[in-house]
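Coordinates as given in my_file.json (JSON, C-alpha atoms):
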[["chain", "number", "residue", "atom", "x", "y", "z"],
["A", 392, "MET", "CA", 3.65, -7.83, 14.47],
["A", 393, "ARG", "CA", 5.61, -4.70, 13.56],
["A", 394, "VAL", "CA", 3.81, -1.39, 14.05],
["A", 395, "LEU", "CA", 5.17, 1.95, 12.92],
["A", 396, "LEU", "CA", 3.62, 4.60, 15.16],
["A", 397, "ILE", "CA", 3.92, 8.14, 13.87],
["A", 398, "ALA", "CA", 2.88, 10.15, 16.90],
["A", 399, "PRO", "CA", 4.16, 12.78, 19.33],
["A", 400, "LYS", "CA", 5.75, 11.86, 22.65],
["A", 401, "PRO", "CA", 5.91, 14.21, 25.64],
["A", 402, "PRO", "CA", 7.11, 16.83, 26.18],
["A", 403, "PRO", "CA", 4.95, 18.77, 25.67],
["A", 404, "ASN", "CA", 2.22, 16.93, 27.50],
["A", 405, "GLY", "CA", -0.95, 16.58, 25.51],
["A", 406, "GLY", "CA", -3.63, 13.98, 24.96],
["A", 407, "ILE", "CA", -2.02, 12.23, 22.00],
["A", 408, "GLY", "CA", 1.47, 12.44, 23.52],
["A", 409, "ILE", "CA", 0.35, 10.86, 26.78],
["A", 410, "TRP", "CA", -1.54, 8.15, 24.86],
["A", 411, "THR", "CA", 1.65, 7.43, 22.86],
["A", 412, "LYS", "CA", 3.70, 7.15, 26.03],
["A", 413, "LEU", "CA", 1.16, 4.76, 27.59],
["A", 414, "LEU", "CA", 0.94, 2.63, 24.45],
["A", 415, "LEU", "CA", 4.73, 2.30, 24.18],
["A", 416, "SER", "CA", 4.96, 1.40, 27.84],
["A", 417, "TRP", "CA", 2.19, -1.20, 27.52],
["A", 418, "SER", "CA", 3.73, -2.77, 24.42],
["A", 419, "ALA", "CA", 7.22, -3.12, 25.93],
["A", 420, "GLY", "CA", 6.40, -6.48, 27.52],
["A", 421, "ARG", "CA", 4.68, -8.00, 24.49],
["A", 422, "LYS", "CA", 6.73, -10.66, 22.70],
["A", 423, "ASN", "CA", 4.78, -10.68, 19.42],
["A", 424, "LEU", "CA", 4.45, -6.92, 19.13],
["A", 425, "VAL", "CA", 7.17, -4.39, 18.29],
["A", 426, "ILE", "CA", 6.25, -0.73, 18.03],
["A", 427, "ARG", "CA", 8.66, 1.84, 16.62],
["A", 428, "ASN", "CA", 7.75, 5.45, 17.18],
["A", 429, "VAL", "CA", 8.61, 8.39, 14.95],
["A", 430, "ASP", "CA", 8.28, 11.30, 17.39],
["A", 431, "ILE", "CA", 6.53, 14.22, 15.67],
["A", 432, "SER", "CA", 6.27, 16.52, 18.70],
["A", 433, "PRO", "CA", 6.68, 20.22, 17.88],
["A", 434, "ARG", "CA", 9.89, 20.96, 19.78],
["A", 435, "TRP", "CA", 10.89, 24.07, 17.83],
["A", 436, "ARG", "CA", 8.17, 26.32, 19.29],
["A", 437, "ASP", "CA", 6.10, 26.77, 22.41],
["A", 438, "ILE", "CA", 3.02, 24.58, 22.02],
["A", 439, "HIS", "CA", 0.80, 27.58, 22.77],
["A", 440, "ASP", "CA", 2.42, 29.79, 20.09],
["A", 441, "LEU", "CA", -0.27, 29.59, 17.42],
["A", 442, "ARG", "CA", 0.91, 32.38, 15.11],
["A", 443, "ILE", "CA", 0.35, 31.18, 11.55],
["A", 444, "ALA", "CA", 3.62, 32.59, 10.15],
["A", 445, "ILE", "CA", 5.71, 30.86, 12.83],
["A", 446, "ARG", "CA", 3.80, 27.61, 12.41],
["A", 447, "LEU", "CA", 4.19, 27.67, 8.62],
["A", 448, "LEU", "CA", 7.92, 28.42, 8.63],
["A", 449, "GLY", "CA", 9.02, 26.15, 11.46],
["A", 450, "GLY", "CA", 6.31, 23.62, 10.79],
["A", 451, "THR", "CA", 7.38, 23.20, 7.17],
["A", 452, "LEU", "CA", 10.94, 22.40, 8.24],
["A", 453, "GLN", "CA", 9.76, 19.99, 10.91],
["A", 454, "ALA", "CA", 7.27, 18.38, 8.52],
["A", 455, "ALA", "CA", 10.07, 17.71, 6.03],
["A", 456, "ARG", "CA", 12.13, 16.10, 8.79],
["A", 457, "ASP", "CA", 9.16, 14.06, 10.05],
["A", 458, "ILE", "CA", 8.30, 12.87, 6.55],
["A", 459, "TRP", "CA", 11.91, 11.85, 5.90],
["A", 460, "ARG", "CA", 12.21, 9.94, 9.19],
["A", 461, "SER", "CA", 8.83, 8.25, 8.68],
["A", 462, "LEU", "CA", 9.61, 7.15, 5.13],
["A", 463, "LEU", "CA", 13.02, 5.80, 6.19],
["A", 464, "GLN", "CA", 11.34, 3.64, 8.84],
["A", 465, "LEU", "CA", 8.60, 2.62, 6.42],
["A", 466, "PHE", "CA", 10.96, 1.39, 3.72],
["A", 467, "ARG", "CA", 13.77, 0.02, 5.91],
["A", 468, "TRP", "CA", 11.67, -1.74, 8.52],
["A", 469, "ASN", "CA", 8.65, -2.81, 6.43],
["A", 470, "PRO", "CA", 6.01, -2.65, 9.20],
["A", 471, "HIS", "CA", 2.78, -4.66, 9.10],
["A", 472, "VAL", "CA", 0.78, -1.67, 10.37],
["A", 473, "VAL", "CA", 1.32, 2.08, 10.12],
["A", 474, "HIS", "CA", -0.59, 4.22, 12.63],
["A", 475, "VAL", "CA", -0.48, 7.97, 12.05],
["A", 476, "THR", "CA", -1.94, 10.30, 14.65],
["A", 477, "SER", "CA", -3.13, 13.66, 13.42],
["A", 478, "SER", "CA", -4.28, 16.82, 15.09],
["A", 479, "GLY", "CA", -6.40, 17.69, 12.07],
["A", 480, "SER", "CA", -4.72, 21.08, 11.84],
["A", 481, "LEU", "CA", -1.87, 22.30, 9.62],
["A", 482, "SER", "CA", -0.03, 19.03, 10.22],
["A", 483, "CYS", "CA", -2.63, 17.21, 8.13],
["A", 484, "ALA", "CA", -0.59, 17.98, 5.01],
["A", 485, "ARG", "CA", 2.39, 16.11, 6.50],
["A", 486, "ASP", "CA", 0.18, 13.17, 7.42],
["A", 487, "ILE", "CA", -1.31, 12.96, 3.94],
["A", 488, "VAL", "CA", 2.18, 12.86, 2.37],
["A", 489, "ILE", "CA", 3.23, 10.05, 4.73],
["A", 490, "LEU", "CA", 0.05, 8.07, 4.11],
["A", 491, "THR", "CA", 0.50, 8.41, 0.35],
["A", 492, "PHE", "CA", 3.54, 6.13, 0.61],
["A", 493, "CYS", "CA", 1.87, 3.48, 2.79]]

Could I get this structure in the form of C-alpha cells?
Amino acid sequence: MRVLLIAPKPPPNGGIGIWTKLLLSWSAGRKNLVIRNVDISPRWRDIHDLRIAIRLLGGTLQAARDIWRSLLQLFRWNPHVVHVTSSGSLSCARDIVILTFC
C-alpha cells in the first residue's frame, strides 16, 4: 500500500509533528506499506509568532510550495491513500486545495 502523508515533521516539535515522526519510524520496517511524507512544517517563522500579517504573507508562499509538492507526489506516485493533517487554522485553505485534487 502506498500512502501519501501530508504532515509536518519536527522541528518544531509539536503533537502532529511528533506523531508523524513516530508513524514514519514505525512504517519503515513494513514490507507492504510505503509512506511518503510531504513535510509542511512552518520553517519560515518562529512557531510562536502568531501575527496575522506575517502568517498571511509567509504562509501564502509556503502554502503554494506545499500544494505544488503535494500535487507532484499525488500525480507522479499515484498513492492508494492520502492522509492530510490539519491544524484547523489558516492552513485549512491549503488543505482544502490539496484535497480537491484527491

If you count all atoms listed in the file, which residues fall within 12 Å of A:Leu452, apart from same-chain ones fewer than 2 positions away, as a list of chain:residue names?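 Non-adjacent residues within range: A:Ile431, A:Pro433, A:Arg434, A:Trp435, A:Ile445, A:Arg446, A:Leu447, A:Leu448, A:Gly449, A:Gly450, A:Ala454, A:Ala455, A:Arg456, A:Asp457, A:Ile458, A:Trp459, A:Ser482, A:Arg485.
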
Would you export the selected residues with C-alpha atoms as a PDB file, in the coordinates of the input, please?
ATOM      1  CA  ILE A 431       6.530  14.220  15.670  1.00  0.00           C
ATOM      2  CA  PRO A 433       6.680  20.220  17.880  1.00  0.00           C
ATOM      3  CA  ARG A 434       9.890  20.960  19.780  1.00  0.00           C
ATOM      4  CA  TRP A 435      10.890  24.070  17.830  1.00  0.00           C
ATOM      5  CA  ILE A 445       5.710  30.860  12.830  1.00  0.00           C
ATOM      6  CA  ARG A 446       3.800  27.610  12.410  1.00  0.00           C
ATOM      7  CA  LEU A 447       4.190  27.670   8.620  1.00  0.00           C
ATOM      8  CA  LEU A 448       7.920  28.420   8.630  1.00  0.00           C
ATOM      9  CA  GLY A 449       9.020  26.150  11.460  1.00  0.00           C
ATOM     10  CA  GLY A 450       6.310  23.620  10.790  1.00  0.00           C
ATOM     11  CA  ALA A 454       7.270  18.380   8.520  1.00  0.00           C
ATOM     12  CA  ALA A 455      10.070  17.710   6.030  1.00  0.00           C
ATOM     13  CA  ARG A 456      12.130  16.100   8.790  1.00  0.00           C
ATOM     14  CA  ASP A 457       9.160  14.060  10.050  1.00  0.00           C
ATOM     15  CA  ILE A 458       8.300  12.870   6.550  1.00  0.00           C
ATOM     16  CA  TRP A 459      11.910  11.850   5.900  1.00  0.00           C
ATOM     17  CA  SER A 482      -0.030  19.030  10.220  1.00  0.00           C
ATOM     18  CA  ARG A 485       2.390  16.110   6.500  1.00  0.00           C
TER      19      ARG A 485
END

So which residues touch A:Asn423 within 10 Å, counting only C-alpha atoms, skipping near sequence neighbours fewer than 4 positions away, as a PyMOL selection string? chain A and resi 392-393+418

I need every residue sitting at most 6 Å from the point (-0.3, 9.0, 14.2) (coordinates as in the file, all atoms listed in the file considered), written as a PyMOL selection string. chain A and resi 396-398+474-477

Write the residues of the preceding selection, restricted to C-alpha atoms, as a PDB file, keeping the file's coordinate frame.
ATOM      1  CA  LEU A 396       3.620   4.600  15.160  1.00  0.00           C
ATOM      2  CA  ILE A 397       3.920   8.140  13.870  1.00  0.00           C
ATOM      3  CA  ALA A 398       2.880  10.150  16.900  1.00  0.00           C
ATOM      4  CA  HIS A 474      -0.590   4.220  12.630  1.00  0.00           C
ATOM      5  CA  VAL A 475      -0.480   7.970  12.050  1.00  0.00           C
ATOM      6  CA  THR A 476      -1.940  10.300  14.650  1.00  0.00           C
ATOM      7  CA  SER A 477      -3.130  13.660  13.420  1.00  0.00           C
TER       8      SER A 477
END

Selection near A:Lys412, 9 Å with all atoms listed in the file, sequence-local residues under 5 positions removed, as a PyMOL selection string: chain A and resi 399-401+407+417

Take the residues from that selection and write them out as a PDB file, in the frame of the given file, keeping C-alpha atoms.
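Ended up saving to result-v9.pdb:
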ATOM      1  CA  PRO A 399       4.160  12.780  19.330  1.00  0.00           C
ATOM      2  CA  LYS A 400       5.750  11.860  22.650  1.00  0.00           C
ATOM      3  CA  PRO A 401       5.910  14.210  25.640  1.00  0.00           C
ATOM      4  CA  ILE A 407      -2.020  12.230  22.000  1.00  0.00           C
ATOM      5  CA  TRP A 417       2.190  -1.200  27.520  1.00  0.00           C
TER       6      TRP A 417
END

For A:Arg427, list every protein, DNA or RNA residue within 10 Å, evaluated using all atoms listed in the file, and leave out those in the same chain fewer than 6 positions away; present the list as number ranges by chain. A: 393-397, 415, 464, 468, 470, 473

Report as a ChimeraX atom specification all protein, DNA and RNA residues lying within 10 Å of A:Phe492, evaluated on only C-alpha atoms, omitting residues in the same chain fewer than 2 positions from it. /A:461-462,465-466,487-490

Straight-line distance linking atom CA of A:Gly408 with atom CA of A:Asp430, stated in Å to one decimal: 9.2 Å

Between atom CA of A:Val429 and atom CA of A:Arg460, measure the distance and give it in Å to one decimal.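 According to the coordinates, atom CA of A:Val429 and atom CA of A:Arg460 are separated by 7.0 Å.
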
For a test of reading the model, state the distance in Å between atom CA of A:Asp486 and atom CA of A:Gln453, rounded to one decimal.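 Result for atom CA of A:Asp486 versus atom CA of A:Gln453: 12.3 Å, one decimal.
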
For each of A:Leu463, A:Pro403, A:His471, A:Ala444, take the minimum atom-to-atom distance to A:Ile426, counting only C-alpha atoms, then give the residue where this is smallest. A:His471

Residue with smallest distance to A:Pro402 - pool A:Asn469, A:Ser432, A:Ser478, A:Gly420, counting all atoms listed in the file: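 Distance minimum relative to A:Pro402 lands on A:Ser432.
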